[in-house]
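*Asks:* Input: one structure, supplied below.
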Amino acid sequence: DLIADRHGLAGKPVLVREDLNVPMHEGRVSDDTRLRAAMPTLAELADHGAKVLVLAHFGRPKGKVDPEYTLRPIAHALADVMGRPVGFLESPDRHAIDVLDPGSITVLENSRFFPGEEKNDPVLARQMAALGDFYVNDAFSAAHRAHVTTEGLAHLLPAFAGRQMEAELKALEAALGKPEHPVAAVVGGSKVSTKLDVLTNLVGKVDHLIIGGGMANTFLAARGVDVGKSLCEHDLADTANAIFDAADAAGCTVHLPYDVVVAREFGANVPCRTANVHEVEADEMILDVGAAAVEALSDVLKTCRTLVWNGPLGAFEYPPFDTATVALARTAAALTREGTLVSVAGGGDTVAALNHAGAADDFSFVSTAGGAFLEWMEGKELPGVKSLES
Ligand code: 3PG
């Protein structure tokens with residue numbers, strides 16, 4: 001713990017990897033969750049007199065300097081969020097860092113402007129390591145990348161986890177590492193093919209696997225249900241059946257919707273109806289889990305101690321197909337508030353869905369990670385985490 005060992009920090013340059021890869025709209029940060037997540041570590045180090053040098057990427061500029069991907073506006077937004085000055089250095093060298101004030105925070109330009117960053121190039125790693133005396137990785141959400149700023153530096157400088165990284169690892173450990181059973185997982189989203197490894201890993205770890213979203217259709221079809229015009233990966237029927245078999249062998253109950261909301265077109269507030277899964281017409285699409293199934297799933301959650309959630313249950317961006325996601329998220333939030341459930345969520349659309357349900361604040365932990373959360377759910381070791389351990 002670098003901060004516990006704070007005495008050595010005053011006046012020292014500390015390289016801190018944050019995830020500043022934030023959504024932008026018309027040149028402004030449209031969601032500052034990751035900036036707020038970066039704050040505790042940056043403030044703590046600066047308050048102990050370190051010269052804080054923030055390393056981060058933005059977008060995928062492919063190793064070239066590209067003004068479209070400059071971190072400059074994001075550094076300004078970070079200053080606003082933190083309510084304190086945040087500097088910006090386009091091409092840092094040790095001299096520029098020597099003249100920085102102790103207790104200052106400075107964002108360095110997009111690490112992906114260097115061709116060596118994503119290659120984890122040892123020459124670049126040594127050049128960057130020369131800029132600081134310590135390395136702190138606070139970017140769990142970029143820890144699935146083995147790049148210079150997420151992995152390489154940890155081998156060259158005394159390396160520590162930041163506060164956000166610590167919080168993510170602690171929550172994930174409570175959810176799937178050493179969870180209290182019974183454990184439920186909600187896995188939604190459109191395609192089985194993108195979450196095959198997630199499902200395969202989870203059946204061996206959780207007691208209840210709740211499958212929703214478009215991917216549930218592939219499982220229903222594998223069971224012989226006619227899903228009409230629904231999004232469905234028919235070629236994955238064997239794979240879906242293998243997951244059912246693995247779940248059976250591991251004592252994991254797979255929950256699929258038995259009533260569904262169907263429509264003939266896709267959009268907001270189009271005509272729709274609730275049907276039993278066996279009564280979907282040839283020209284209908286399944287767009288959400290039905291109310292009866294949601295109630296049954298809520299009952300399952302009431303018996304559980306731990307929940308891990310990734311992906312919406314329906315086409316939640318178009319009402320009323322957000323209904324099941326909102327209802328189950330609110331149940332999980334209420335159970336968490338009452339203290340019977342530890343609930344951890346993360347990945348892509350999930351945070352937006354939980355925010356939309358007004359449930360995110362009540363979850364025990366909502367990860368800032370997209371791809372890294374999924375790789376963790378796949379049971380993979382993340383290079384950015386592993387390099388801190390060695
Ligand atoms: C993310 O936004 O999930 C992380 O910052 C990683 O970004 P990347 O997918 O471009 O590596």
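In the structure tokens, chains take the letters A, B, ... in the order shown, each chain's residues start at 1, and ligands count up from 1 in the order shown.
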Please check which protein, DNA or RNA residues sit within 7 Å of ligand 1, counting only C-alpha atoms and all ligand atoms, and write them as a PyMOL selection string.
*Replies:* chain A and resi 19+21+59-60+141-142+145+369-372
*Asks:* Could you make a table, as CSV, of the residues of region 292-361 of chain A that have an atom within 12 Å of an atom of region 154-169 of chain A, each with its nearest atom pair and distance in Å to one decimal, counting only C-alpha atoms, in chain and number order?
*Replies:*
```
residue,atom,partner,partner_atom,distance
A:Val344,CA,A:Glu168,CA,9.7
A:Ala345,CA,A:Glu168,CA,10.7
A:Gly346,CA,A:Glu168,CA,10.2
```
*Asks:* Could you give me, as a PyMOL selection string, each residue of region 67-232 of chain A that DSSP assigns to strand (DSSP E or B) when run on this structure's backbone?
*Replies:* chain A and resi 87-89+105-108+134-137+159-161+183-187+208-211
*Asks:* Could those residues be written to a file, using C-alpha atoms, as a compact mmCIF listing (two decimals), in the first residue's frame?
*Replies:*
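Here's the written file again33.txt:
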```txt
# COMPACT_ATOMS: atom_id res chain seq x y z
CA GLY A 87 -2.10 20.22 -15.55
CA PHE A 88 -1.44 18.68 -18.93
CA LEU A 89 1.85 17.66 -20.51
CA ILE A 105 -1.68 16.55 -10.62
CA THR A 106 -0.68 16.42 -14.30
CA VAL A 107 -2.25 14.36 -17.07
CA LEU A 108 0.19 13.11 -19.69
CA PHE A 134 6.68 4.78 -8.28
CA TYR A 135 3.90 3.22 -10.37
CA VAL A 136 0.28 2.97 -9.24
CA ASN A 137 -2.26 1.08 -11.34
CA ALA A 159 4.21 -0.96 -8.15
CA PHE A 160 0.99 -0.59 -6.16
CA ALA A 161 -2.76 -0.81 -6.64
CA VAL A 183 -24.91 -17.23 -5.84
CA ALA A 184 -26.99 -16.04 -8.78
CA ALA A 185 -25.66 -14.63 -12.03
CA VAL A 186 -27.75 -12.60 -14.44
CA VAL A 187 -26.30 -12.69 -17.93
CA HIS A 208 -28.44 -20.00 -10.44
CA LEU A 209 -27.70 -18.79 -13.95
CA ILE A 210 -30.37 -16.40 -15.17
CA ILE A 211 -30.16 -15.89 -18.93
```
*Asks:* Need to verify the contact set: Glu378 (chain A), 9 Å, only C-alpha atoms, exclusion of same-chain residues closer than 2 positions in sequence. Can you return it as a PDB file with N, CA and C atoms, in the first residue's frame?
*Replies:*
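part_14.pdb, freshly written:
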```pdb
ATOM      1  N   LYS A 195     -20.475 -14.112 -25.283  1.00  0.00           N
ATOM      2  CA  LYS A 195     -20.394 -14.403 -23.842  1.00  0.00           C
ATOM      3  C   LYS A 195     -20.277 -15.899 -23.538  1.00  0.00           C
ATOM      4  N   LEU A 196     -19.826 -16.645 -24.555  1.00  0.00           N
ATOM      5  CA  LEU A 196     -19.703 -18.092 -24.366  1.00  0.00           C
ATOM      6  C   LEU A 196     -18.803 -18.455 -23.200  1.00  0.00           C
ATOM      7  N   ASP A 197     -17.625 -17.799 -23.158  1.00  0.00           N
ATOM      8  CA  ASP A 197     -16.667 -18.124 -22.098  1.00  0.00           C
ATOM      9  C   ASP A 197     -17.195 -17.688 -20.732  1.00  0.00           C
ATOM     10  N   VAL A 198     -17.976 -16.607 -20.722  1.00  0.00           N
ATOM     11  CA  VAL A 198     -18.585 -16.151 -19.468  1.00  0.00           C
ATOM     12  C   VAL A 198     -19.534 -17.231 -18.953  1.00  0.00           C
ATOM     13  N   LEU A 199     -20.416 -17.701 -19.832  1.00  0.00           N
ATOM     14  CA  LEU A 199     -21.413 -18.698 -19.417  1.00  0.00           C
ATOM     15  C   LEU A 199     -20.731 -19.983 -18.973  1.00  0.00           C
ATOM     16  N   THR A 200     -19.727 -20.395 -19.738  1.00  0.00           N
ATOM     17  CA  THR A 200     -19.039 -21.643 -19.416  1.00  0.00           C
ATOM     18  C   THR A 200     -18.354 -21.554 -18.057  1.00  0.00           C
ATOM     19  N   ASN A 201     -17.745 -20.414 -17.770  1.00  0.00           N
ATOM     20  CA  ASN A 201     -17.088 -20.236 -16.470  1.00  0.00           C
ATOM     21  C   ASN A 201     -18.120 -20.183 -15.338  1.00  0.00           C
ATOM     22  N   LEU A 202     -19.230 -19.490 -15.583  1.00  0.00           N
ATOM     23  CA  LEU A 202     -20.197 -19.277 -14.503  1.00  0.00           C
ATOM     24  C   LEU A 202     -20.910 -20.554 -14.078  1.00  0.00           C
ATOM     25  N   PHE A 373     -14.339  -6.424 -17.146  1.00  0.00           N
ATOM     26  CA  PHE A 373     -15.314  -7.128 -16.296  1.00  0.00           C
ATOM     27  C   PHE A 373     -15.696  -8.457 -16.946  1.00  0.00           C
ATOM     28  N   LEU A 374     -15.909  -8.419 -18.259  1.00  0.00           N
ATOM     29  CA  LEU A 374     -16.268  -9.661 -18.964  1.00  0.00           C
ATOM     30  C   LEU A 374     -15.140 -10.678 -18.887  1.00  0.00           C
ATOM     31  N   GLU A 375     -13.901 -10.217 -19.091  1.00  0.00           N
ATOM     32  CA  GLU A 375     -12.783 -11.174 -19.049  1.00  0.00           C
ATOM     33  C   GLU A 375     -12.628 -11.761 -17.650  1.00  0.00           C
ATOM     34  N   TRP A 376     -12.915 -10.944 -16.656  1.00  0.00           N
ATOM     35  CA  TRP A 376     -12.880 -11.457 -15.287  1.00  0.00           C
ATOM     36  C   TRP A 376     -13.999 -12.490 -15.092  1.00  0.00           C
ATOM     37  N   LYS A 380     -10.640 -15.305 -16.534  1.00  0.00           N
ATOM     38  CA  LYS A 380      -9.273 -15.058 -17.014  1.00  0.00           C
ATOM     39  C   LYS A 380      -8.478 -14.235 -16.017  1.00  0.00           C
TER      40      LYS A 380
END
```
*Asks:* Take CA of Arg330 (chain A) and CA of Pro271 (chain A) and report the distance between them in Å, one decimal.
*Replies:*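 Computing it gives 25.2 Å between the two atoms.
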*Asks:* Taking only C-alpha atoms into account, name the residue in A:Asn241, A:Thr336, A:Ser298, A:Thr325 that is nearest to Phe219 (chain A).
*Replies:*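 Counting only C-alpha atoms, the residue closest to Phe219 (chain A) is A:Asn241.
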*Asks:* Do a neighbour search on Leu313 (chain A) at 9 Å with only C-alpha atoms, toss out local chain neighbours closer than 5 positions, and write the hits as a compact mmCIF listing (two decimals) with C-alpha atoms, in the first residue's frame.
*Replies:*
```
# COMPACT_ATOMS: atom_id res chain seq x y z
CA VAL A 186 -27.75 -12.60 -14.44
CA VAL A 187 -26.30 -12.69 -17.93
CA GLY A 188 -28.09 -10.73 -20.61
CA GLY A 189 -27.24 -9.01 -23.83
CA ILE A 211 -30.16 -15.89 -18.93
CA GLY A 212 -31.97 -12.98 -20.55
CA GLY A 213 -31.74 -10.68 -23.55
CA GLY A 214 -31.36 -11.91 -27.10
CA ALA A 216 -31.93 -16.39 -24.08
CA LEU A 287 -37.92 -8.31 -26.92
CA ASP A 288 -38.23 -8.75 -23.16
CA VAL A 289 -38.80 -11.23 -20.35
CA PHE A 321 -38.87 -3.49 -23.32
CA ASP A 322 -36.93 -2.13 -20.35
CA THR A 323 -39.60 -3.42 -17.95
CA ALA A 324 -38.03 -6.74 -16.91
CA THR A 325 -34.54 -5.26 -16.47
CA VAL A 326 -35.90 -2.41 -14.37
CA LEU A 328 -35.38 -7.29 -11.49
```
*Asks:* Report, in Å with one decimal, the straight-line distance from CA of Glu68 (chain A) to CA of Leu35 (chain A).
*Replies:*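 CA of Leu35 (chain A) lies at a distance of 19.4 Å from CA of Glu68 (chain A).
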*Asks:* Might you pull out every residue within 12 Å of Asp226 (chain A), with only C-alpha atoms counted and same-chain residues fewer than 6 positions away left off, and present them as a PDB file with C-alpha atoms, in the first residue's frame?
*Replies:*
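Final output, result_1.pdb:
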```
ATOM      1  CA  ASN A 217     -33.525 -16.997 -27.504  1.00  0.00           C
ATOM      2  CA  THR A 218     -30.588 -19.135 -28.586  1.00  0.00           C
ATOM      3  CA  PHE A 219     -31.045 -21.276 -25.467  1.00  0.00           C
ATOM      4  CA  LEU A 220     -34.827 -21.479 -25.943  1.00  0.00           C
ATOM      5  CA  CYS A 232     -31.186 -16.040 -32.375  1.00  0.00           C
ATOM      6  CA  HIS A 234     -29.361 -21.057 -34.408  1.00  0.00           C
ATOM      7  CA  ASN A 276     -45.942 -17.972 -23.304  1.00  0.00           C
ATOM      8  CA  VAL A 277     -42.636 -18.907 -24.987  1.00  0.00           C
ATOM      9  CA  HIS A 278     -44.428 -21.701 -26.815  1.00  0.00           C
ATOM     10  CA  GLU A 279     -46.884 -19.257 -28.399  1.00  0.00           C
ATOM     11  CA  VAL A 280     -44.545 -16.916 -30.259  1.00  0.00           C
ATOM     12  CA  GLU A 281     -45.864 -16.354 -33.807  1.00  0.00           C
ATOM     13  CA  ALA A 282     -43.605 -16.817 -36.833  1.00  0.00           C
ATOM     14  CA  ASP A 283     -43.482 -13.046 -37.502  1.00  0.00           C
ATOM     15  CA  GLU A 284     -42.940 -11.984 -33.867  1.00  0.00           C
ATOM     16  CA  MET A 285     -39.732 -11.093 -32.025  1.00  0.00           C
ATOM     17  CA  ILE A 286     -39.010 -11.678 -28.347  1.00  0.00           C
TER      18      ILE A 286
END
```
*Asks:* Please measure the separation of CA of Val300 (chain A) and CA of Gly228 (chain A), giving the value in Å to one decimal.
*Replies:*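 About the pair CA of Val300 (chain A) and CA of Gly228 (chain A): they are 28.2 Å apart.
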*Asks:* Mind checking DSSP for region 337-388 of chain A and telling me the helix (DSSP H, G or I) residues as a PyMOL selection string?
*Replies:* chain A and resi 337-338+349-356+360-362+371-377+383-388
*Asks:* Check the smallest atom-to-atom distance from each of A:Leu20, A:Val294, A:His76, A:Arg112 to Gly63 (chain A) using only C-alpha atoms, then report the winner.
*Replies:*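 Once distances to Gly63 (chain A) are computed over only C-alpha atoms, the minimum belongs to A:Arg112.
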*Asks:* Which residue is closest to Val86 (chain A)? Choose from A:Ala37, A:Leu53, A:Ala175, A:Leu45 and count only C-alpha atoms.
*Replies:* A:Leu53
*Asks:* Counting only C-alpha atoms, figure out which residue out of A:Gln127, A:Thr41, A:Thr306, A:Thr149 gets nearest to Arg17 (chain A).
*Replies:*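 The shortest atom-to-atom distance to Arg17 (chain A) comes from A:Thr149.
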*Asks:* At a cut-off of 10 Å, using only C-alpha atoms, what residues contact Glu44 (chain A)? Leave out same-chain residues fewer than 3 positions from it and give the result as JSON, numbers by chain.
*Replies:* {"A": [3, 6, 39, 40, 41, 47, 48, 49, 50, 52, 103, 162, 163]}
*Asks:* Since we have the selection now, will you write its residues out, keeping C-alpha atoms, as a short mmCIF file (atom, residue, chain, number, x, y, z; two decimals), in the first residue's frame?
*Replies:*
```cif
data_model
loop_
_atom_site.label_atom_id
_atom_site.label_comp_id
_atom_site.auth_asym_id
_atom_site.auth_seq_id
_atom_site.Cartn_x
_atom_site.Cartn_y
_atom_site.Cartn_z
CA ILE A 3 -0.30 5.51 0.54
CA ARG A 6 3.29 7.90 2.44
CA MET A 39 -10.39 10.98 -7.84
CA PRO A 40 -9.65 9.25 -4.49
CA THR A 41 -6.26 7.90 -5.54
CA ASP A 47 -2.34 15.46 -0.65
CA HIS A 48 0.72 13.55 0.52
CA GLY A 49 2.95 15.76 -1.59
CA ALA A 50 3.54 13.50 -4.59
CA VAL A 52 1.09 12.95 -9.57
CA GLY A 103 1.11 18.00 -4.64
CA GLY A 162 -4.77 2.41 -6.46
CA ARG A 163 -8.00 2.82 -4.49
#
```
*Asks:* My list of candidates is A:Leu307, A:Val261, A:Ala237, A:Val366. Which is closest to Pro319 (chain A) when distances are computed with only C-alpha atoms?
*Replies:*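 Closest candidate: A:Val261.
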*Asks:* Could you check which of A:Ala171, A:Ala352, A:Ala242, A:Val270 is closest to Phe316 (chain A), using only C-alpha atoms?
*Replies:*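 The closest residue to Phe316 (chain A) is A:Ala352.
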*Asks:* With a distance cut-off of 12 Å and only C-alpha atoms, select the neighbouring residues of Glu117 (chain A), excluding the residue or stretch itself and same-chain residues fewer than 3 positions from it, and output the selection as a VMD selection string.
*Replies:* chain A and resid 55 to 57 60 to 64 110 to 114 120 to 128 145 to 153
